[in-house]
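**Student:** Dropping in data-v8.cif, which is mmCIF, C-alpha atoms:
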data_start
loop_
_atom_site.group_PDB
_atom_site.id
_atom_site.type_symbol
_atom_site.label_atom_id
_atom_site.label_comp_id
_atom_site.auth_asym_id
_atom_site.auth_seq_id
_atom_site.Cartn_x
_atom_site.Cartn_y
_atom_site.Cartn_z
ATOM 1 C CA MET Q 1 67.107 -58.254 44.676
ATOM 2 C CA THR Q 2 64.320 -60.076 43.065
ATOM 3 C CA THR Q 3 64.344 -60.157 39.332
ATOM 4 C CA ALA Q 4 61.258 -60.288 37.040
ATOM 5 C CA ASP Q 5 61.923 -63.961 36.269
ATOM 6 C CA GLN Q 6 61.825 -64.770 39.974
ATOM 7 C CA ARG Q 7 58.431 -63.116 40.651
ATOM 8 C CA PRO Q 8 55.531 -65.506 41.416
ATOM 9 C CA ALA Q 9 53.116 -65.949 38.561
ATOM 10 C CA GLN Q 10 49.802 -64.169 39.047
ATOM 11 C CA SER Q 11 46.556 -64.927 37.311
ATOM 12 C CA SER Q 12 45.366 -62.355 34.952
ATOM 13 C CA PRO Q 13 41.903 -60.930 35.518
ATOM 14 C CA GLY Q 14 40.392 -62.885 32.595
ATOM 15 C CA ALA Q 15 41.967 -66.280 33.323
ATOM 16 C CA MET Q 16 39.687 -69.376 33.073
ATOM 17 C CA PRO Q 17 39.399 -71.763 36.060
ATOM 18 C CA PRO Q 18 40.548 -75.367 35.549
ATOM 19 C CA GLY Q 19 38.136 -77.542 33.705
ATOM 20 C CA HIS Q 20 36.474 -74.723 31.771
ATOM 21 C CA GLY Q 21 38.544 -74.452 28.660
ATOM 22 C CA SER Q 22 41.760 -73.831 30.486
ATOM 23 C CA GLY Q 23 43.313 -77.041 29.234
ATOM 24 C CA VAL Q 24 43.575 -78.411 32.763
ATOM 25 C CA PRO Q 25 41.234 -81.463 33.248
ATOM 26 C CA GLU Q 26 38.831 -81.318 36.139
ATOM 27 C CA ARG Q 27 39.138 -84.067 38.735
ATOM 28 C CA PRO Q 28 36.209 -86.472 39.232
ATOM 29 C CA GLY Q 29 34.006 -85.579 42.130
ATOM 30 C CA THR Q 30 34.476 -81.868 41.892
ATOM 31 C CA PRO Q 31 31.301 -79.772 42.241
ATOM 32 C CA GLY Q 32 31.035 -79.047 38.551
ATOM 33 C CA GLY Q 33 31.985 -82.545 37.406
ATOM 34 C CA ASP Q 34 29.625 -85.249 35.963
ATOM 35 C CA ASP Q 35 31.033 -88.751 36.038
ATOM 36 C CA GLY Q 36 27.754 -90.319 34.605
ATOM 37 C CA ARG Q 37 26.800 -92.107 37.809
ATOM 38 C CA PRO Q 38 23.449 -90.322 38.339
ATOM 39 C CA ARG Q 39 22.477 -91.126 34.738
ATOM 40 C CA ARG Q 40 23.470 -94.773 35.117
ATOM 41 C CA ARG Q 41 21.447 -95.059 38.318
ATOM 42 C CA TRP Q 42 18.449 -93.519 36.575
ATOM 43 C CA LEU Q 43 18.749 -95.924 33.621
ATOM 44 C CA LYS Q 44 19.126 -98.889 35.956
ATOM 45 C CA ALA Q 45 16.000 -97.892 37.901
ATOM 46 C CA LEU Q 46 14.069 -97.450 34.637
ATOM 47 C CA ILE Q 47 15.132 -100.884 33.346
ATOM 48 C CA ILE Q 48 14.129 -102.573 36.617
ATOM 49 C CA PHE Q 49 10.764 -100.820 36.524
ATOM 50 C CA LEU Q 50 10.147 -101.934 32.926
ATOM 51 C CA LEU Q 51 11.172 -105.509 33.692
ATOM 52 C CA ILE Q 52 8.583 -105.592 36.465
ATOM 53 C CA ALA Q 53 5.837 -103.517 34.878
ATOM 54 C CA ILE Q 54 5.768 -104.992 31.362
ATOM 55 C CA PRO Q 55 5.268 -108.673 32.375
ATOM 56 C CA ALA Q 56 2.705 -107.559 34.948
ATOM 57 C CA GLY Q 57 0.881 -105.584 32.273
ATOM 58 C CA TYR Q 58 0.887 -108.555 29.936
ATOM 59 C CA GLY Q 59 -0.408 -110.706 32.792
ATOM 60 C CA VAL Q 60 -3.328 -108.351 33.382
ATOM 61 C CA ILE Q 61 -4.134 -108.186 29.668
ATOM 62 C CA SER Q 62 -3.878 -111.965 29.381
ATOM 63 C CA ALA Q 63 -6.186 -112.441 32.380
ATOM 64 C CA ILE Q 64 -8.762 -110.063 30.911
ATOM 65 C CA GLN Q 65 -8.604 -111.764 27.522
ATOM 66 C CA SER Q 66 -8.854 -115.183 29.149
ATOM 67 C CA ARG Q 67 -11.874 -114.142 31.190
ATOM 68 C CA GLU Q 68 -13.569 -112.562 28.167
ATOM 69 C CA GLY Q 69 -12.746 -115.631 26.075
ATOM 70 C CA GLY Q 70 -14.216 -117.896 28.734
ATOM 71 C CA GLU Q 71 -17.358 -115.769 28.924
ATOM 72 C CA ASN Q 72 -17.680 -115.781 25.136
ATOM 73 C CA LYS Q 73 -17.290 -119.550 25.038
ATOM 74 C CA GLU Q 74 -19.848 -119.985 27.771
ATOM 75 C CA GLU Q 75 -22.304 -117.691 25.957
ATOM 76 C CA SER Q 76 -21.652 -119.560 22.710
ATOM 77 C CA ALA Q 77 -22.256 -122.928 24.392
ATOM 78 C CA GLN Q 78 -25.477 -121.654 25.917
ATOM 79 C CA ALA Q 79 -26.582 -120.219 22.578
ATOM 80 C CA THR Q 80 -25.869 -123.294 20.457
ATOM 81 C CA GLY Q 81 -26.246 -126.003 23.095
ATOM 82 C CA LEU Q 82 -26.307 -129.016 20.796
ATOM 83 C CA THR Q 83 -23.224 -130.811 19.543
ATOM 84 C CA ASP Q 84 -23.503 -132.036 15.969
ATOM 85 C CA ASP Q 85 -22.586 -135.653 16.635
ATOM 86 C CA TRP Q 86 -23.947 -138.900 18.014
ATOM 87 C CA PRO Q 87 -24.012 -139.417 21.768
ATOM 88 C CA THR Q 88 -21.610 -142.104 22.902
ATOM 89 C CA ARG Q 89 -22.858 -145.659 23.232
ATOM 90 C CA VAL Q 90 -22.637 -145.324 27.004
ATOM 91 C CA GLN Q 91 -24.802 -142.198 26.949
ATOM 92 C CA ARG Q 92 -27.371 -143.844 24.667
ATOM 93 C CA ARG Q 93 -27.509 -146.857 26.958
ATOM 94 C CA ILE Q 94 -27.765 -144.864 30.210
ATOM 95 C CA TYR Q 95 -30.462 -142.556 28.864
ATOM 96 C CA ASP Q 96 -32.308 -145.206 26.826
ATOM 97 C CA VAL Q 97 -32.076 -143.299 23.543
ATOM 98 C CA PRO Q 98 -31.572 -145.984 20.829
ATOM 99 C CA ILE Q 99 -31.040 -143.756 17.782
ATOM 100 C CA PRO Q 100 -31.862 -145.763 14.633
ATOM 101 C CA PRO Q 101 -29.023 -146.497 12.184
ATOM 102 C CA TYR Q 102 -28.642 -144.183 9.183
ATOM 103 C CA SER Q 103 -30.281 -141.294 11.023
ATOM 104 C CA ALA Q 104 -29.431 -137.774 9.851
ATOM 105 C CA ASP Q 105 -29.017 -134.388 11.555
ATOM 106 C CA VAL Q 106 -28.057 -136.125 14.800
ATOM 107 C CA ALA Q 107 -27.126 -133.800 17.656
ATOM 108 C CA PHE Q 108 -27.093 -133.976 21.450
ATOM 109 C CA TYR Q 109 -26.499 -132.003 24.627
ATOM 110 C CA GLU Q 110 -26.066 -133.292 28.174
ATOM 111 C CA THR Q 111 -26.577 -131.493 31.481
ATOM 112 C CA ASN Q 112 -25.746 -132.764 34.945
ATOM 113 C CA SER Q 113 -26.646 -131.606 38.443
ATOM 114 C CA TRP Q 114 -26.739 -133.142 41.901
ATOM 115 C CA ASP Q 115 -30.406 -134.140 41.607
ATOM 116 C CA GLU Q 116 -30.816 -135.059 37.932
ATOM 117 C CA SER Q 117 -29.096 -135.472 34.564
ATOM 118 C CA LYS Q 118 -30.593 -134.796 31.148
ATOM 119 C CA LEU Q 119 -29.704 -135.819 27.619
ATOM 120 C CA TYR Q 120 -31.174 -133.787 24.775
ATOM 121 C CA VAL Q 121 -31.149 -135.567 21.417
ATOM 122 C CA GLN Q 122 -32.475 -134.796 17.951
ATOM 123 C CA PHE Q 123 -32.346 -136.846 14.750
ATOM 124 C CA ILE Q 124 -34.129 -137.369 11.439
ATOM 125 C CA THR Q 125 -35.144 -140.894 10.526
ATOM 126 C CA SER Q 126 -37.605 -142.812 8.363
ATOM 127 C CA ARG Q 127 -41.102 -143.918 9.347
ATOM 128 C CA GLU Q 128 -39.730 -147.397 9.945
ATOM 129 C CA GLY Q 129 -36.830 -145.928 11.918
ATOM 130 C CA LEU Q 130 -39.254 -144.008 14.134
ATOM 131 C CA LYS Q 131 -41.216 -147.166 14.830
ATOM 132 C CA ARG Q 132 -38.009 -149.041 15.647
ATOM 133 C CA PHE Q 133 -36.830 -146.269 17.954
ATOM 134 C CA LEU Q 134 -40.083 -146.140 19.925
ATOM 135 C CA THR Q 135 -40.212 -149.906 20.273
ATOM 136 C CA ARG Q 136 -36.627 -150.216 21.443
ATOM 137 C CA ALA Q 137 -37.102 -147.319 23.881
ATOM 138 C CA GLY Q 138 -39.935 -149.284 25.517
ATOM 139 C CA THR Q 139 -43.000 -147.559 24.094
ATOM 140 C CA GLN Q 140 -44.872 -147.765 20.752
ATOM 141 C CA PRO Q 141 -46.054 -145.529 17.861
ATOM 142 C CA SER Q 142 -49.649 -145.581 19.113
ATOM 143 C CA ALA Q 143 -48.502 -143.760 22.270
ATOM 144 C CA LEU Q 144 -47.804 -140.610 20.248
ATOM 145 C CA GLU Q 145 -50.629 -138.109 20.694
ATOM 146 C CA GLU Q 146 -51.357 -135.887 17.699
ATOM 147 C CA GLY Q 147 -50.836 -132.175 18.206
ATOM 148 C CA GLU Q 148 -48.864 -132.697 21.423
ATOM 149 C CA VAL Q 149 -45.456 -131.194 22.205
ATOM 150 C CA THR Q 150 -44.282 -132.999 25.311
ATOM 151 C CA ILE Q 151 -40.984 -131.132 25.732
ATOM 152 C CA SER Q 152 -41.342 -128.029 27.893
ATOM 153 C CA ALA Q 153 -40.556 -124.539 26.620
ATOM 154 C CA LYS Q 154 -37.763 -124.231 29.185
ATOM 155 C CA GLU Q 155 -36.112 -127.445 28.014
ATOM 156 C CA ALA Q 156 -36.495 -126.469 24.351
ATOM 157 C CA LYS Q 157 -34.898 -123.076 25.046
ATOM 158 C CA THR Q 158 -31.883 -124.771 26.626
ATOM 159 C CA VAL Q 159 -30.812 -126.139 23.238
ATOM 160 C CA GLY Q 160 -32.513 -123.654 20.943
ATOM 161 C CA TRP Q 161 -35.301 -125.907 19.716
ATOM 162 C CA GLN Q 162 -38.279 -124.175 18.118
ATOM 163 C CA LEU Q 163 -41.194 -126.427 19.054
ATOM 164 C CA SER Q 164 -44.851 -125.506 18.838
ATOM 165 C CA SER Q 165 -48.163 -127.294 18.884
ATOM 166 C CA GLY Q 166 -49.947 -128.048 15.632
ATOM 167 C CA GLU Q 167 -51.144 -130.770 13.313
ATOM 168 C CA HIS Q 168 -47.625 -131.791 12.278
ATOM 169 C CA TRP Q 169 -46.525 -132.518 15.843
ATOM 170 C CA SER Q 170 -47.081 -135.500 18.078
ATOM 171 C CA GLY Q 171 -45.583 -136.603 21.344
ATOM 172 C CA THR Q 172 -45.538 -138.851 24.346
ATOM 173 C CA VAL Q 173 -43.946 -139.081 27.773
ATOM 174 C CA PHE Q 174 -42.623 -142.499 28.677
ATOM 175 C CA LYS Q 175 -42.250 -142.882 32.446
ATOM 176 C CA GLN Q 176 -40.297 -145.684 34.084
ATOM 177 C CA LYS Q 177 -39.354 -146.597 37.617
ATOM 178 C CA ASP Q 178 -36.241 -144.948 39.046
ATOM 179 C CA PRO Q 179 -33.404 -145.139 38.302
ATOM 180 C CA GLN Q 180 -34.568 -145.757 34.725
ATOM 181 C CA PRO Q 181 -34.913 -142.572 32.659
ATOM 182 C CA ARG Q 182 -38.041 -140.622 31.857
ATOM 183 C CA LEU Q 183 -38.365 -139.935 28.131
ATOM 184 C CA GLU Q 184 -40.103 -136.916 26.663
ATOM 185 C CA ILE Q 185 -40.484 -137.627 22.950
ATOM 186 C CA THR Q 186 -41.788 -135.106 20.405
ATOM 187 C CA VAL Q 187 -42.001 -135.783 16.680
ATOM 188 C CA ASN Q 188 -42.320 -133.331 13.802
ATOM 189 C CA ARG Q 189 -43.936 -134.715 10.639
ATOM 190 C CA ASP Q 190 -43.585 -131.800 8.248
ATOM 191 C CA ASN Q 191 -41.913 -134.400 6.051
ATOM 192 C CA PRO Q 192 -44.015 -137.558 6.635
ATOM 193 C CA ARG Q 193 -41.399 -139.817 5.076
ATOM 194 C CA HIS Q 194 -38.606 -138.451 7.243
ATOM 195 C CA PRO Q 195 -39.914 -137.382 10.672
ATOM 196 C CA LYS Q 196 -37.661 -135.391 12.963
ATOM 197 C CA VAL Q 197 -37.493 -136.677 16.511
ATOM 198 C CA TYR Q 198 -36.733 -134.645 19.633
ATOM 199 C CA VAL Q 199 -35.993 -136.428 22.892
ATOM 200 C CA VAL Q 200 -35.270 -135.257 26.432
ATOM 201 C CA SER Q 201 -34.224 -138.135 28.662
ATOM 202 C CA THR Q 202 -34.043 -137.416 32.389
ATOM 203 C CA VAL Q 203 -32.240 -139.624 34.885
ATOM 204 C CA THR Q 204 -32.747 -139.127 38.622
ATOM 205 C CA PRO Q 205 -30.082 -140.702 40.859
#
If you took the structure in this file and wrote it as structure tokens, what would it be?

**Tutor:**
Amino acid sequence: MTTADQRPAQSSPGAMPPGHGSGVPERPGTPGGDDGRPRRRWLKALIIFLLIAIPAGYGVISAIQSREGGENKEESAQATGLTDDWPTRVQRRIYDVPIPPYSADVAFYETNSWDESKLYVQFITSREGLKRFLTRAGTQPSALEEGEVTISAKEAKTVGWQLSSGEHWSGTVFKQKDPQPRLEITVNRDNPRHPKVYVVSTVTP
């Protein structure tokens, strides 16, 4: 005879399955289990994506900024043109622009191409300094024609010069045999004691 103690245990109708508050831990890999692997894979994929995307994004931004910066610098150079300094001795010798000592407001700009090179120079000097400059360049004060602006509008625009004809202007073009430079010289005498000289020297190889 089977006693009550020997009867097999039966689950009551309201018993909880293992792993759902029954006190019995659920084994990894069971259908209802979550061992964190899908989340770790998702985080790993996200980190890899960020490691690739963020540097690439910075690279694109940097390239755009670099291009815009280069364009801004180019526009600025085209707008200002002249450099507030003396041309080097080599430049002055090649282009035959003997700027007199103690000149003020000296500035220059050089352009180069396959068929010609130009040096734009401006400076303020004295009447004696102007005479010395013209003589050393190979011409003379009497060559200056009153009311003449010998530098073209296109050349003046290159460096932002505002030149116009009038009684306070005079100029000359000093031509020499190649490969010696051709000098376009224009002088402003608004201040007779301190004329301002504009020069465009062109060298043709």

**Student:** Under the rule that only C-alpha atoms are counted, which of Q:Ser117, Q:Thr172, Q:Gln162, Q:Ser103 is the nearest residue to Glu146 in chain Q?

**Tutor:**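 Among the listed residues, the smallest separation from Glu146 in chain Q belongs to Q:Thr172.
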
**Student:** Which of these residues is nearest to Tyr109 in chain Q, using all atoms listed in the file: Q:Arg92, Q:Lys131, Q:Lys175, Q:Arg41?

**Tutor:**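 Smallest separation from Tyr109 in chain Q among the options: Q:Arg92.
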
**Student:** Please enumerate the residues selected by the PyMOL selection byres ((chain Q and resi 188) around 8) when evaluated against the supplied file, formatted as a PyMOL selection string.

**Tutor:** chain Q and resi 168-170+186-187+189-191+195-197

**Student:** Extending 8 Å beyond the listed atoms of range 119-125 of chain Q on each side, what axis-aligned box results? I want centre and edge lengths in Å to one decimal, as JSON.

**Tutor:**
{"center_x": -32.4, "center_y": -137.3, "center_z": 19.1, "size_x": 21.4, "size_y": 23.1, "size_z": 33.1}

**Student:** Between CA of Gly147 in chain Q and CA of Val200 in chain Q, what is the spacing in Å?

**Tutor:**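 So the two atoms, CA of Val200 in chain Q and CA of Gly147 in chain Q, lie 17.9 Å apart.
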
**Student:** Find the residues near Leu82 in chain Q: any atom within 10 Å, counting only C-alpha atoms, skip ones fewer than 6 places away on the same chain, and give them as a PyMOL selection string.

**Tutor:** chain Q and resi 106-110+120-122+158-161

**Student:** Would you compute the distance between CA of Arg127 in chain Q and CA of Arg193 in chain Q? Give it in Å to one decimal.

**Tutor:**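 Those two atoms sit 5.9 Å apart.
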
**Student:** Between Q:Ala156, Q:Ile94, Q:Ala104, Q:Leu130, which residue has the minimum interatomic distance to Thr202 in chain Q, considering all atoms listed in the file?

**Tutor:**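 Smallest separation from Thr202 in chain Q among the options: Q:Ile94.
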
**Student:** What gap, in Å, lies between CA of Glu148 in chain Q and CA of Tyr198 in chain Q?

**Tutor:**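 So the two atoms, CA of Glu148 in chain Q and CA of Tyr198 in chain Q, lie 12.4 Å apart.
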
**Student:** Kindly indicate which residue among Q:His194, Q:Arg136, Q:Arg40, Q:Arg182 lies nearest to Tyr95 in chain Q, using all atoms listed in the file for the distances.

**Tutor:** Q:Arg182

**Student:** Looking at only C-alpha atoms, which of Q:Ile47, Q:Leu144, Q:Leu134, Q:Leu119 is the one that sits closest to Pro181 in chain Q?

**Tutor:** Q:Leu119
